[in-house]
file entry.cif (mmCIF, C-alpha atoms)
data_structure
loop_
_atom_site.label_atom_id
_atom_site.label_comp_id
_atom_site.auth_asym_id
_atom_site.auth_seq_id
_atom_site.Cartn_x
_atom_site.Cartn_y
_atom_site.Cartn_z
CA MET A 1 0.00 0.00 0.00
CA GLN A 2 1.29 3.43 -0.87
CA SER A 3 -0.04 6.95 -0.57
CA ARG A 4 0.28 9.46 -3.34
CA GLU A 5 -0.85 13.07 -3.38
CA ALA A 6 0.05 15.56 -6.10
CA ALA A 7 -0.35 19.23 -6.88
CA ALA A 8 -1.44 20.27 -10.40
CA SER A 9 2.08 21.20 -11.53
CA PRO A 10 4.26 20.04 -8.65
CA SER A 11 7.78 21.35 -8.23
CA ILE A 12 8.61 19.41 -5.06
CA LEU A 13 8.70 15.62 -4.79
CA LEU A 14 8.25 14.49 -1.15
CA LEU A 15 9.18 10.87 -0.41
CA GLU A 16 8.77 9.04 2.90
CA PRO A 17 9.47 5.30 3.06
CA PHE A 18 8.42 5.14 6.74
CA TYR A 19 5.25 7.22 7.00
CA GLY A 20 4.65 7.21 10.75
CA GLY A 21 5.48 9.17 13.91
CA SER A 22 7.62 12.26 13.41
CA HIS A 23 8.35 11.23 9.79
CA LYS A 24 4.63 11.41 9.00
CA GLN A 25 4.16 14.66 10.90
CA LEU A 26 6.90 16.38 8.91
CA ILE A 27 5.59 15.22 5.53
CA ASP A 28 2.04 16.23 6.46
CA LEU A 29 3.26 19.65 7.57
CA LEU A 30 5.25 20.28 4.38
CA LYS A 31 2.56 19.12 1.96
CA THR A 32 0.00 21.29 3.78
CA LEU A 33 2.00 24.47 4.22
CA VAL A 34 4.41 24.45 1.26
CA ASP A 35 2.99 24.96 -2.23
CA GLY A 36 3.65 22.62 -5.12
CA CYS A 37 4.23 19.28 -3.39
CA SER A 38 3.70 15.81 -4.78
CA THR A 39 3.87 13.11 -2.10
CA TYR A 40 4.67 9.40 -2.17
CA THR A 41 4.77 7.39 1.06
CA LEU A 42 4.85 3.86 2.43
CA PRO A 43 3.22 2.75 5.70
CA ALA A 44 5.37 2.74 8.85
CA LYS A 45 5.81 -1.02 9.05
CA LYS A 46 8.86 -3.30 8.98
CA TRP A 47 11.42 -0.49 9.03
CA HIS A 48 14.30 -2.71 7.88
CA TRP A 49 12.45 -3.76 4.75
CA ARG A 50 11.50 -0.18 3.97
CA ALA A 51 15.18 0.80 4.15
CA ARG A 52 16.12 -2.11 1.89
CA THR A 53 13.44 -1.91 -0.78
CA ALA A 54 11.73 1.52 -0.83
CA ALA A 55 13.99 2.89 -3.57
CA LEU A 56 12.98 0.16 -6.03
CA HIS A 57 9.32 0.58 -5.11
CA PHE A 58 9.37 4.35 -5.58
CA SER A 59 11.30 4.04 -8.85
CA GLN A 60 8.37 2.07 -10.27
CA ILE A 61 5.48 4.21 -9.04
CA ILE A 62 6.72 7.82 -9.30
CA SER A 63 5.24 9.28 -12.45
CA PRO A 64 7.62 11.22 -14.70
CA CYS A 65 6.98 14.92 -14.23
CA PRO A 66 8.91 17.68 -16.02
CA SER A 67 7.91 20.30 -13.42
CA TYR A 68 9.82 18.65 -10.56
CA ARG A 69 12.71 20.75 -9.29
CA VAL A 70 13.37 19.41 -5.76
CA LEU A 71 13.36 15.92 -4.20
CA PHE A 72 12.99 15.71 -0.41
CA SER A 73 13.23 12.46 1.53
CA SER A 74 14.11 11.13 4.94
CA SER A 75 17.35 9.17 5.25
CA VAL A 76 15.42 5.88 5.43
CA LEU A 77 15.46 5.98 1.63
CA ASN A 78 18.51 4.71 -0.26
CA LEU A 79 18.76 7.79 -2.43
CA CYS A 80 21.73 6.37 -4.33
CA GLU A 81 19.65 3.44 -5.59
CA LEU A 82 16.68 5.64 -6.49
CA VAL A 83 18.57 8.06 -8.72
CA ALA A 84 20.41 5.17 -10.38
CA LEU A 85 17.08 3.50 -11.18
CA ARG A 86 15.46 6.80 -12.19
CA PRO A 87 18.04 9.01 -13.96
CA ASP A 88 15.35 11.65 -14.56
CA LEU A 89 15.34 12.33 -10.79
CA ALA A 90 19.13 12.67 -10.56
CA CYS A 91 19.08 16.21 -11.95
CA LEU A 92 16.76 17.49 -9.21
CA LYS A 93 17.97 19.31 -6.12
CA LYS A 94 18.14 16.35 -3.74
CA VAL A 95 17.54 17.05 -0.04
CA LEU A 96 18.07 14.29 2.53
CA TYR A 97 16.61 14.81 6.02
CA PHE A 98 18.01 12.86 8.97
CA HIS A 99 15.54 12.16 11.77
CA GLU A 100 18.07 9.62 13.08
CA ASN A 101 21.33 8.12 11.88
CA GLN A 102 22.27 4.47 11.78
CA LEU A 103 25.95 4.94 12.64
CA VAL A 104 25.23 5.51 16.34
CA TYR A 105 21.72 4.08 16.64
CA PRO A 106 21.83 1.81 19.71
CA VAL A 107 21.83 -1.97 19.30
CA ARG A 108 22.00 -4.61 22.03
CA LYS A 109 25.45 -5.76 20.90
CA ASP A 110 27.72 -4.11 18.36
CA GLN A 111 27.93 -7.31 16.33
CA GLU A 112 24.17 -7.00 15.78
CA ARG A 113 24.61 -3.68 13.94
CA ASP A 114 23.80 -4.27 10.28
CA PHE A 115 26.51 -2.56 8.26
CA GLN A 116 24.26 -2.06 5.27
CA TYR A 117 21.90 0.52 6.82
CA GLY A 118 24.65 2.91 7.85
CA TYR A 119 26.47 2.32 4.57
CA ASN A 120 23.30 3.20 2.64
CA GLN A 121 23.00 6.48 4.53
CA ILE A 122 26.60 7.39 3.71
CA LEU A 123 26.03 6.63 0.02
CA SER A 124 22.82 8.68 0.07
CA CYS A 125 24.73 11.65 1.51
CA LEU A 126 27.31 11.41 -1.27
CA VAL A 127 24.51 11.62 -3.87
CA ALA A 128 22.47 14.33 -2.11
CA ASP A 129 22.92 18.06 -2.70
CA VAL A 130 21.85 19.08 0.82
CA VAL A 131 21.95 16.92 3.95
CA ALA A 132 19.81 18.32 6.78
CA PHE A 133 19.88 17.04 10.35
CA ASN A 134 17.28 17.64 13.04
CA SER A 135 19.97 18.54 15.61
CA ALA A 136 23.66 19.34 15.88
CA PHE A 137 24.08 16.16 17.91
CA ASN A 138 22.64 14.11 15.06
CA MET A 139 24.95 15.77 12.52
CA ASP A 140 28.11 15.67 14.63
CA SER A 141 27.62 12.06 15.75
CA PHE A 142 27.08 10.97 12.15
CA LEU A 143 30.04 12.79 10.65
CA SER A 144 32.43 11.84 13.45
CA SER A 145 31.47 8.15 13.18
CA ILE A 146 31.95 7.69 9.44
CA SER A 147 35.68 6.94 9.62
CA SER A 148 35.43 4.29 12.35
CA PHE A 149 32.30 2.82 10.77
CA MET A 150 34.06 2.30 7.44
CA LYS A 151 36.89 0.45 9.18
CA ARG A 152 34.56 -2.52 9.36
CA ILE A 153 35.28 -3.03 5.65
CA PRO A 154 38.02 -5.72 5.56
CA ASP A 155 40.17 -3.99 2.91
CA GLN A 156 40.18 -1.32 0.18
CA ARG A 157 38.47 1.13 2.51
CA PRO A 158 37.34 4.50 1.11
CA ARG A 159 38.87 7.55 2.79
CA ASP A 160 37.82 11.04 3.80
CA LEU A 161 34.13 10.52 3.15
CA ASP A 162 33.24 12.84 6.02
CA GLN A 163 35.13 15.64 4.30
CA LEU A 164 33.10 15.10 1.13
CA ILE A 165 29.80 15.10 3.02
CA ARG A 166 30.38 17.84 5.60
CA PRO A 167 30.09 20.84 3.21
CA LYS A 168 26.58 19.68 2.29
CA CYS A 169 25.39 19.46 5.89
CA ILE A 170 23.12 21.82 7.80
CA VAL A 171 21.24 21.67 11.09
CA LEU A 172 17.53 22.31 10.62
CA TYR A 173 15.49 21.57 13.71
CA TYR A 174 12.35 19.54 13.38
CA PRO A 175 9.34 21.93 13.21
CA VAL A 176 6.95 20.91 15.96
CA GLN A 177 3.30 21.84 15.51
CA PHE A 178 2.45 22.87 19.03
CA ALA A 179 -1.27 22.78 19.75
CA ASP A 180 -3.13 25.73 21.24
CA ILE A 181 -3.49 24.48 24.82
CA SER A 182 -4.64 27.73 26.43
CA ARG A 183 -8.25 26.48 26.73
CA LEU A 184 -7.09 23.27 28.46
CA LEU A 185 -4.55 24.64 30.95
CA PRO A 186 -5.20 23.75 34.61
CA LYS A 187 -5.29 26.66 37.04
CA HIS A 188 -1.75 26.28 38.37
CA LYS A 189 -0.35 26.41 34.82
CA LEU A 190 -2.30 29.48 33.77
CA LEU A 191 -0.03 32.51 33.38
CA PRO A 192 -0.73 36.07 32.24
CA GLN A 193 -0.52 36.46 28.47
CA PRO A 194 1.91 39.16 27.26
CA ALA A 195 0.91 41.74 24.70
CA ASP A 196 3.18 40.42 21.90
CA THR A 197 1.06 38.52 19.34
CA SER A 198 3.56 38.55 16.48
CA HIS A 199 3.39 34.75 16.18
CA SER A 200 -0.31 34.33 16.85
CA ASP A 201 -0.64 32.22 13.70
CA ASP A 202 1.58 29.50 15.17
CA LEU A 203 -0.67 28.58 18.11
CA ILE A 204 2.05 29.08 20.70
CA PRO A 205 0.47 29.47 24.12
CA PRO A 206 1.53 31.87 26.89
CA LEU A 207 3.91 29.28 28.38
CA THR A 208 6.40 29.64 25.55
CA THR A 209 6.98 33.40 25.42
CA ASP A 210 10.41 34.74 26.25
CA LYS A 211 9.10 36.84 29.12
CA LEU A 212 7.76 33.76 30.88
CA LEU A 213 10.54 31.40 29.90
CA PHE A 214 13.23 33.64 31.31
CA PRO A 215 11.56 35.29 34.30
CA ASP A 216 13.05 37.48 36.98
CA PRO A 217 15.13 35.19 39.22
CA GLU A 218 13.35 36.71 42.22
CA ARG A 219 10.21 34.90 41.09
CA GLN A 220 11.91 31.50 41.13
CA THR A 221 11.53 29.34 44.21
CA LYS A 222 14.58 29.23 46.45
CA GLN A 223 13.68 25.75 47.68
CA GLY A 224 16.04 23.07 46.33
CA LEU A 225 14.74 19.97 44.59
CA HIS A 226 16.39 17.65 47.10
CA GLY A 227 14.72 18.99 50.25
CA SER A 228 13.12 16.40 52.50
CA GLY A 229 10.60 18.75 54.07
CA SER A 230 6.87 18.54 53.50
CA VAL A 231 4.30 21.27 53.72
CA ASP A 232 0.82 20.42 55.01
CA LEU A 233 -1.77 22.70 53.46
CA THR A 234 -5.54 22.70 53.94
CA PRO A 235 -7.80 22.68 50.87
CA GLU A 236 -8.51 26.37 51.54
CA GLN A 237 -4.79 27.12 51.55
CA ASP A 238 -4.22 25.00 48.43
CA PRO A 239 -7.16 25.69 46.09
CA GLU A 240 -5.12 24.75 43.00
CA GLY A 241 -4.13 21.31 44.31
CA LEU A 242 -0.39 21.98 44.43
CA ARG A 243 0.02 19.33 47.14
CA LYS A 244 -1.52 16.46 45.16
CA PRO A 245 0.91 13.57 44.54
CA LEU A 246 3.49 14.27 41.86
CA HIS A 247 2.25 13.17 38.44
CA ILE A 248 5.09 11.64 36.37
CA VAL A 249 4.61 11.09 32.64
CA TRP A 250 6.68 8.91 30.27
CA PRO A 251 5.50 9.62 26.67
CA HIS A 252 7.93 7.55 24.60
CA ARG A 253 7.86 4.57 22.24
CA TRP A 254 7.73 1.26 24.12
CA GLU A 255 11.07 0.03 22.85
CA HIS A 256 14.42 -0.87 24.38
CA ASP A 257 16.28 2.16 23.00
CA LYS A 258 14.11 4.37 25.24
CA ASN A 259 15.51 2.46 28.25
CA PRO A 260 12.23 1.72 30.07
CA GLU A 261 14.20 -0.55 32.41
CA LEU A 262 15.87 2.46 34.04
CA PHE A 263 12.59 4.36 34.27
CA PHE A 264 10.70 1.56 36.00
CA SER A 265 13.57 0.62 38.32
CA THR A 266 13.67 4.27 39.46
CA LEU A 267 9.92 4.25 40.11
CA MET A 268 10.25 1.05 42.14
CA LYS A 269 12.82 2.79 44.36
CA LEU A 270 10.34 5.63 44.90
CA LYS A 271 7.68 3.09 45.80
CA GLU A 272 10.03 1.32 48.23
CA LYS A 273 10.56 4.67 49.94
CA GLU A 274 6.74 4.90 50.27
CA LEU A 275 6.68 8.14 48.33
CA GLU A 276 3.42 9.22 46.76
CA PHE A 277 3.27 9.72 43.01
CA HIS A 278 0.91 9.23 40.08
CA LEU A 279 2.04 7.72 36.79
CA SER A 280 1.09 8.00 33.12
CA VAL A 281 2.94 5.77 30.65
CA LEU A 282 2.02 6.82 27.12
CA GLY A 283 3.68 6.35 23.73
CA GLU A 284 3.27 4.03 20.76
CA THR A 285 3.73 0.28 20.88
CA PHE A 286 5.04 -1.91 18.08
CA THR A 287 5.38 -5.65 17.45
CA ASP A 288 7.89 -6.48 20.16
CA VAL A 289 7.02 -4.78 23.45
CA PRO A 290 9.70 -5.24 26.16
CA ASP A 291 8.52 -7.46 29.03
CA VAL A 292 9.36 -4.74 31.54
CA PHE A 293 6.09 -2.98 30.67
CA SER A 294 3.73 -5.83 31.54
CA GLU A 295 5.78 -6.67 34.64
CA HIS A 296 5.54 -3.14 36.07
CA ARG A 297 1.94 -2.63 35.00
CA CYS A 298 1.07 -4.90 37.93
CA LEU A 299 3.77 -3.74 40.34
CA LEU A 300 2.82 -0.07 39.98
CA ASP A 301 -0.92 -0.51 39.54
CA SER A 302 -1.90 1.67 42.52
CA HIS A 303 0.05 4.62 41.05
CA ILE A 304 -1.16 4.42 37.44
CA LEU A 305 -3.55 7.01 36.02
CA ASN A 306 -2.99 6.33 32.30
CA TRP A 307 -1.40 3.36 30.57
CA GLY A 308 -0.85 2.98 26.85
CA PHE A 309 -1.07 4.91 23.61
CA LEU A 310 -3.77 7.59 23.32
CA PRO A 311 -4.86 7.92 19.69
CA SER A 312 -6.74 11.16 20.36
CA LYS A 313 -4.40 14.16 20.33
CA ASP A 314 -6.72 16.06 22.69
CA ASP A 315 -6.68 13.19 25.18
CA TYR A 316 -2.89 13.02 24.92
CA LEU A 317 -2.54 16.76 25.55
CA ARG A 318 -4.90 16.60 28.52
CA VAL A 319 -2.66 14.03 30.19
CA LEU A 320 0.43 16.17 29.56
CA LEU A 321 -1.37 19.19 30.98
CA GLN A 322 -2.30 17.26 34.11
CA ALA A 323 1.24 15.92 34.55
CA ASP A 324 3.97 17.65 36.53
CA VAL A 325 7.21 16.00 35.43
CA VAL A 326 8.20 14.42 32.12
CA VAL A 327 11.09 11.95 32.22
CA SER A 328 13.41 10.65 29.51
CA THR A 329 15.68 7.69 30.18
CA SER A 330 16.56 7.25 26.54
CA LYS A 331 19.71 5.64 25.21
CA HIS A 332 18.93 7.15 21.83
CA GLU A 333 17.53 10.56 21.01
CA PHE A 334 18.37 12.80 18.10
CA PHE A 335 15.66 15.40 18.78
CA GLY A 336 12.77 14.41 21.08
CA VAL A 337 9.37 15.70 19.99
CA ALA A 338 7.52 14.09 22.91
CA MET A 339 9.68 15.82 25.51
CA LEU A 340 9.19 19.23 23.89
CA GLU A 341 5.43 18.70 23.64
CA ALA A 342 5.34 17.91 27.36
CA VAL A 343 7.40 21.01 28.18
CA HIS A 344 5.03 23.03 26.01
CA CYS A 345 2.25 21.73 28.29
CA GLY A 346 4.09 22.95 31.39
CA CYS A 347 5.87 19.76 32.50
CA TYR A 348 9.19 19.94 34.32
CA PRO A 349 11.71 17.93 32.21
CA LEU A 350 14.30 15.47 33.50
CA CYS A 351 16.66 14.22 30.78
CA PRO A 352 20.01 12.41 30.51
CA LYS A 353 23.06 14.65 30.30
CA ALA A 354 23.86 13.09 26.93
CA LEU A 355 22.64 12.72 23.35
CA VAL A 356 20.70 15.76 22.08
CA TYR A 357 19.44 16.92 25.47
CA PRO A 358 22.26 19.35 26.45
CA GLU A 359 21.65 21.07 23.11
CA ILE A 360 18.04 21.87 24.03
CA TYR A 361 17.75 21.81 27.84
CA PRO A 362 19.68 23.87 30.43
CA ALA A 363 21.83 21.98 32.92
CA GLU A 364 19.26 22.16 35.72
CA TYR A 365 17.06 19.68 33.84
CA LEU A 366 19.81 17.11 33.18
CA TYR A 367 21.00 14.12 35.22
CA SER A 368 24.22 12.15 34.78
CA THR A 369 23.51 8.92 36.66
CA PRO A 370 20.52 6.76 37.64
CA GLU A 371 21.09 7.81 41.24
CA GLN A 372 20.79 11.47 40.27
CA LEU A 373 17.51 10.76 38.50
CA PHE A 374 16.19 8.99 41.59
CA LYS A 375 17.21 11.86 43.89
CA ARG A 376 15.61 14.47 41.63
CA LEU A 377 12.33 12.55 41.53
CA GLN A 378 12.51 11.84 45.25
CA GLY A 379 12.83 15.55 45.97
CA LEU A 380 9.93 16.39 43.69
CA CYS A 381 7.73 13.68 45.20
CA ARG A 382 8.30 15.32 48.58
CA ARG A 383 7.70 18.82 47.21
CA PRO A 384 5.52 18.52 44.07
CA ASP A 385 4.62 22.20 44.35
CA ILE A 386 8.17 23.04 43.24
CA ALA A 387 7.60 21.39 39.86
CA ARG A 388 4.16 22.95 39.53
CA LYS A 389 5.32 26.50 40.27
CA HIS A 390 8.45 26.26 38.14
CA ILE A 391 8.59 28.02 34.76
CA VAL A 392 10.68 25.85 32.44
CA LYS A 393 13.56 27.72 30.79
CA VAL A 394 13.19 26.15 27.35
CA ASN A 395 12.05 28.34 24.50
CA THR A 396 9.84 25.86 22.67
CA ALA A 397 8.80 28.60 20.23
CA SER A 398 12.22 28.32 18.57
CA PHE A 399 11.26 24.78 17.46
CA SER A 400 7.92 25.83 15.97
CA TRP A 401 6.95 26.10 12.32
CA ALA A 402 6.72 29.90 12.66
CA ALA A 403 10.39 30.04 13.66
CA LEU A 404 11.59 27.51 11.05
CA GLN A 405 9.24 28.17 8.13
CA GLU A 406 11.55 30.43 6.11
CA ARG A 407 14.46 28.00 6.35
CA PHE A 408 12.34 25.06 5.17
CA GLN A 409 10.91 27.10 2.31
CA ALA A 410 14.42 28.12 1.23
CA LEU A 411 15.54 24.49 1.44
CA LEU A 412 12.69 23.39 -0.82
CA ALA A 413 13.30 26.15 -3.37
CA ALA A 414 15.06 25.09 -6.56
#
call {"tool": "encode", "arguments": {"input": "entry.cif", "output": "structure tokens"}}
result
Amino acid sequence: MQSREAAASPSILLLEPFYGGSHKQLIDLLKTLVDGCSTYTLPAKKWHWRARTAALHFSQIISPCPSYRVLFSSSVLNLCELVALRPDLACLKKVLYFHENQLVYPVRKDQERDFQYGYNQILSCLVADVVAFNSAFNMDSFLSSISSFMKRIPDQRPRDLDQLIRPKCIVLYYPVQFADISRLLPKHKLLPQPADTSHSDDLIPPLTTDKLLFPDPERQTKQGLHGSGSVDLTPEQDPEGLRKPLHIVWPHRWEHDKNPELFFSTLMKLKEKELEFHLSVLGETFTDVPDVFSEHRCLLDSHILNWGFLPSKDDYLRVLLQADVVVSTSKHEFFGVAMLEAVHCGCYPLCPKALVYPEIYPAEYLYSTPEQLFKRLQGLCRRPDIARKHIVKVNTASFSWAALQERFQALLAA
């Protein structure tokens, strides 16, 4: 099954071999907001087979079109194979977008890493005219790994491929379509709206304005996150429910690379300490769900408010708006849409001090060890009002379509 949508005289050919998740969201955004797009996609199933065979499939179904000027695809596609099979596409401006790269994508054991997928991405870069990455971490980790990756070839190894590819490379952040959540905000997350409405067309709520993201330090709480004290407030003293148990949300794919083992082991330590907390485990599931999910569904049952993927975007946003803290334990992240969406909804982020996170999040939201993660959550369980009163210092507006629109339009211009 494939999807095809075309403008009357299209100038831009959009290809997506894995039409799901953030890959789908980007293609949908571009075909909706950029004029002149013709779109071919394949369903987001059996990723490995899409990477192996999508080029041949697309070569057979893409109709010849003299008005095409630009080809845009994610790096799942073997662009080298496609332009060899379809020489008429070779003359287009070829843009390759990296949501993730296979040179540093985590595998259980290094011997399990299939050389072909990373090799295909390198070949695609050599053929492309522009190679765009969704973060500097993604770009730098890819380029710096090419030399060591190619050493797996037993002999006659190519040299200096990174130097050939680097001049083509740019960082172009993924454009997140943040929903207008102002009508759904709970009382303790409602903040005064500033007068500036210059980006009113982008549906960015009051939480993401510079004035509120970088407030006067005097307004910030002076209470540390590791304090063991507890404040007993009556309902009259706490009309906004700031003393309710901390609500922790984990909105990631249910796969091993997101390291759910660390997340659940940390929650079990909180439970052993008899700390109160509520839990929402969201995110998509695929064919092979790690056993750790079913095991901890029972062990943490008394804490769980939401469990499993929420197909309704409104329902998903409501959970994020009710939550206090969003946690990443990922062993792989090149951008992190789910974390930014949660921050947009007023959640306090806790992320590894690794991967893409230091590029996006200030140091106060990063942890270096599992013990640090436990201590941060322990402190917030004891003082959930700290997370609820905190204004997160992440300018999510800089990752919105309004901020990135001109760069994408320039990229897709012939």
call {"tool": "closest_residue", "arguments": {"input": "entry.cif", "among": "A:Ile181, A:Val34, A:Ala8, A:Leu305", "to": "Ala410 of chain A", "atoms": "all atoms listed in the file"}}
result
A:Val34
call {"tool": "resolve_selection", "arguments": {"input": "entry.cif", "expression": "the PyMOL selection byres ((chain A and resi 373) around 12)", "output": "PyMOL selection string"}}
result
chain A and resi 225-226+262-267+269-270+325-329+349-353+364-372+374-380
call {"tool": "resolve_selection", "arguments": {"input": "entry.cif", "expression": "the PyMOL selection byres ((chain A and resi 91-96) around 8)", "output": "VMD selection string"}}
result
chain A and resid 68 to 75 87 to 90 97 to 98 124 to 125 127 to 132 411 414
call {"tool": "residues_near_point", "arguments": {"input": "entry.cif", "point": "(-2.2, 23.3, 37.5)", "cutoff": "7 Å", "atoms": "all atoms listed in the file", "output": "list of chain:residue names"}}
result
A:Pro186, A:Lys187, A:His188, A:Lys189, A:Glu240, A:Gln322, A:Arg388
call {"tool": "atom_distance", "arguments": {"input": "entry.cif", "atom1": "atom CA of Leu320 of chain A", "atom2": "atom CA of Ala342 of chain A"}}
result
5.7 Å
call {"tool": "residues_near_point", "arguments": {"input": "entry.cif", "point": "(3.9, 28.8, -4.6)", "cutoff": "12 Å", "atoms": "only C-alpha atoms", "output": "ChimeraX atom specification"}}
result
/A:7-12,31-37,409,412-414
call {"tool": "write_last_selection", "arguments": {"input": "entry.cif", "atoms": "C-alpha atoms", "output": "PDB file, keeping the file's coordinate frame"}}
result
ATOM      1  CA  ALA A   7      -0.350  19.230  -6.880  1.00  0.00           C
ATOM      2  CA  ALA A   8      -1.440  20.270 -10.400  1.00  0.00           C
ATOM      3  CA  SER A   9       2.080  21.200 -11.530  1.00  0.00           C
ATOM      4  CA  PRO A  10       4.260  20.040  -8.650  1.00  0.00           C
ATOM      5  CA  SER A  11       7.780  21.350  -8.230  1.00  0.00           C
ATOM      6  CA  ILE A  12       8.610  19.410  -5.060  1.00  0.00           C
ATOM      7  CA  LYS A  31       2.560  19.120   1.960  1.00  0.00           C
ATOM      8  CA  THR A  32       0.000  21.290   3.780  1.00  0.00           C
ATOM      9  CA  LEU A  33       2.000  24.470   4.220  1.00  0.00           C
ATOM     10  CA  VAL A  34       4.410  24.450   1.260  1.00  0.00           C
ATOM     11  CA  ASP A  35       2.990  24.960  -2.230  1.00  0.00           C
ATOM     12  CA  GLY A  36       3.650  22.620  -5.120  1.00  0.00           C
ATOM     13  CA  CYS A  37       4.230  19.280  -3.390  1.00  0.00           C
ATOM     14  CA  GLN A 409      10.910  27.100   2.310  1.00  0.00           C
ATOM     15  CA  LEU A 412      12.690  23.390  -0.820  1.00  0.00           C
ATOM     16  CA  ALA A 413      13.300  26.150  -3.370  1.00  0.00           C
ATOM     17  CA  ALA A 414      15.060  25.090  -6.560  1.00  0.00           C
TER      18      ALA A 414
END
call {"tool": "atom_distance", "arguments": {"input": "entry.cif", "atom1": "atom CA of Ser22 of chain A", "atom2": "atom CA of Arg253 of chain A"}}
result
11.7 Å
call {"tool": "closest_atom_pairs", "arguments": {"input": "entry.cif", "of": "segment 278-336 of chain A", "to": "segment 153-174 of chain A", "cutoff": "12 Å", "atoms": "only C-alpha atoms", "output": "CSV"}}
result
residue,atom,partner,partner_atom,distance
A:Phe334,CA,A:Tyr174,CA,10.2
A:Phe335,CA,A:Tyr174,CA,7.6
A:Gly336,CA,A:Tyr174,CA,9.3
call {"tool": "atom_distance", "arguments": {"input": "entry.cif", "atom1": "atom CA of Ser302 of chain A", "atom2": "atom CA of Val337 of chain A"}}
result
28.8 Å
call {"tool": "resolve_selection", "arguments": {"input": "entry.cif", "expression": "the PyMOL selection byres ((chain A and resi 250) around 8)", "output": "number ranges by chain"}}
result
A: 248-249, 251-252, 280-283, 326-328
call {"tool": "closest_residue", "arguments": {"input": "entry.cif", "among": "A:Leu42, A:Ala54, A:Ile391, A:Leu340", "to": "Asn78 of chain A", "atoms": "all atoms listed in the file"}}
result
A:Ala54
call {"tool": "closest_residue", "arguments": {"input": "entry.cif", "among": "A:Leu355, A:Ala51, A:Ala338, A:Val176", "to": "Leu317 of chain A", "atoms": "only C-alpha atoms"}}
result
A:Ala338
call {"tool": "closest_residue", "arguments": {"input": "entry.cif", "among": "A:Phe149, A:Glu100, A:Leu15, A:Asp324", "to": "Ile61 of chain A", "atoms": "only C-alpha atoms"}}
result
A:Leu15
call {"tool": "axis_aligned_box", "arguments": {"input": "entry.cif", "around": "segment 57-61 of chain A", "padding_each_side": "8 Å", "output": "JSON"}}
result
{"center_x": 8.4, "center_y": 2.5, "center_z": -7.7, "size_x": 21.8, "size_y": 19.8, "size_z": 21.2}
call {"tool": "residues_around", "arguments": {"input": "entry.cif", "residues": "Trp47 of chain A", "least_positions_apart": "3", "cutoff": "12 Å", "atoms": "only C-alpha atoms", "output": "PyMOL selection string"}}
result
chain A and resi 16-20+42-44+50-54+75-77+117+286-287
call {"tool": "closest_residue", "arguments": {"input": "entry.cif", "among": "A:Lys313, A:Arg407, A:Arg243, A:His332", "to": "Pro384 of chain A", "atoms": "all atoms listed in the file"}}
result
A:Arg243
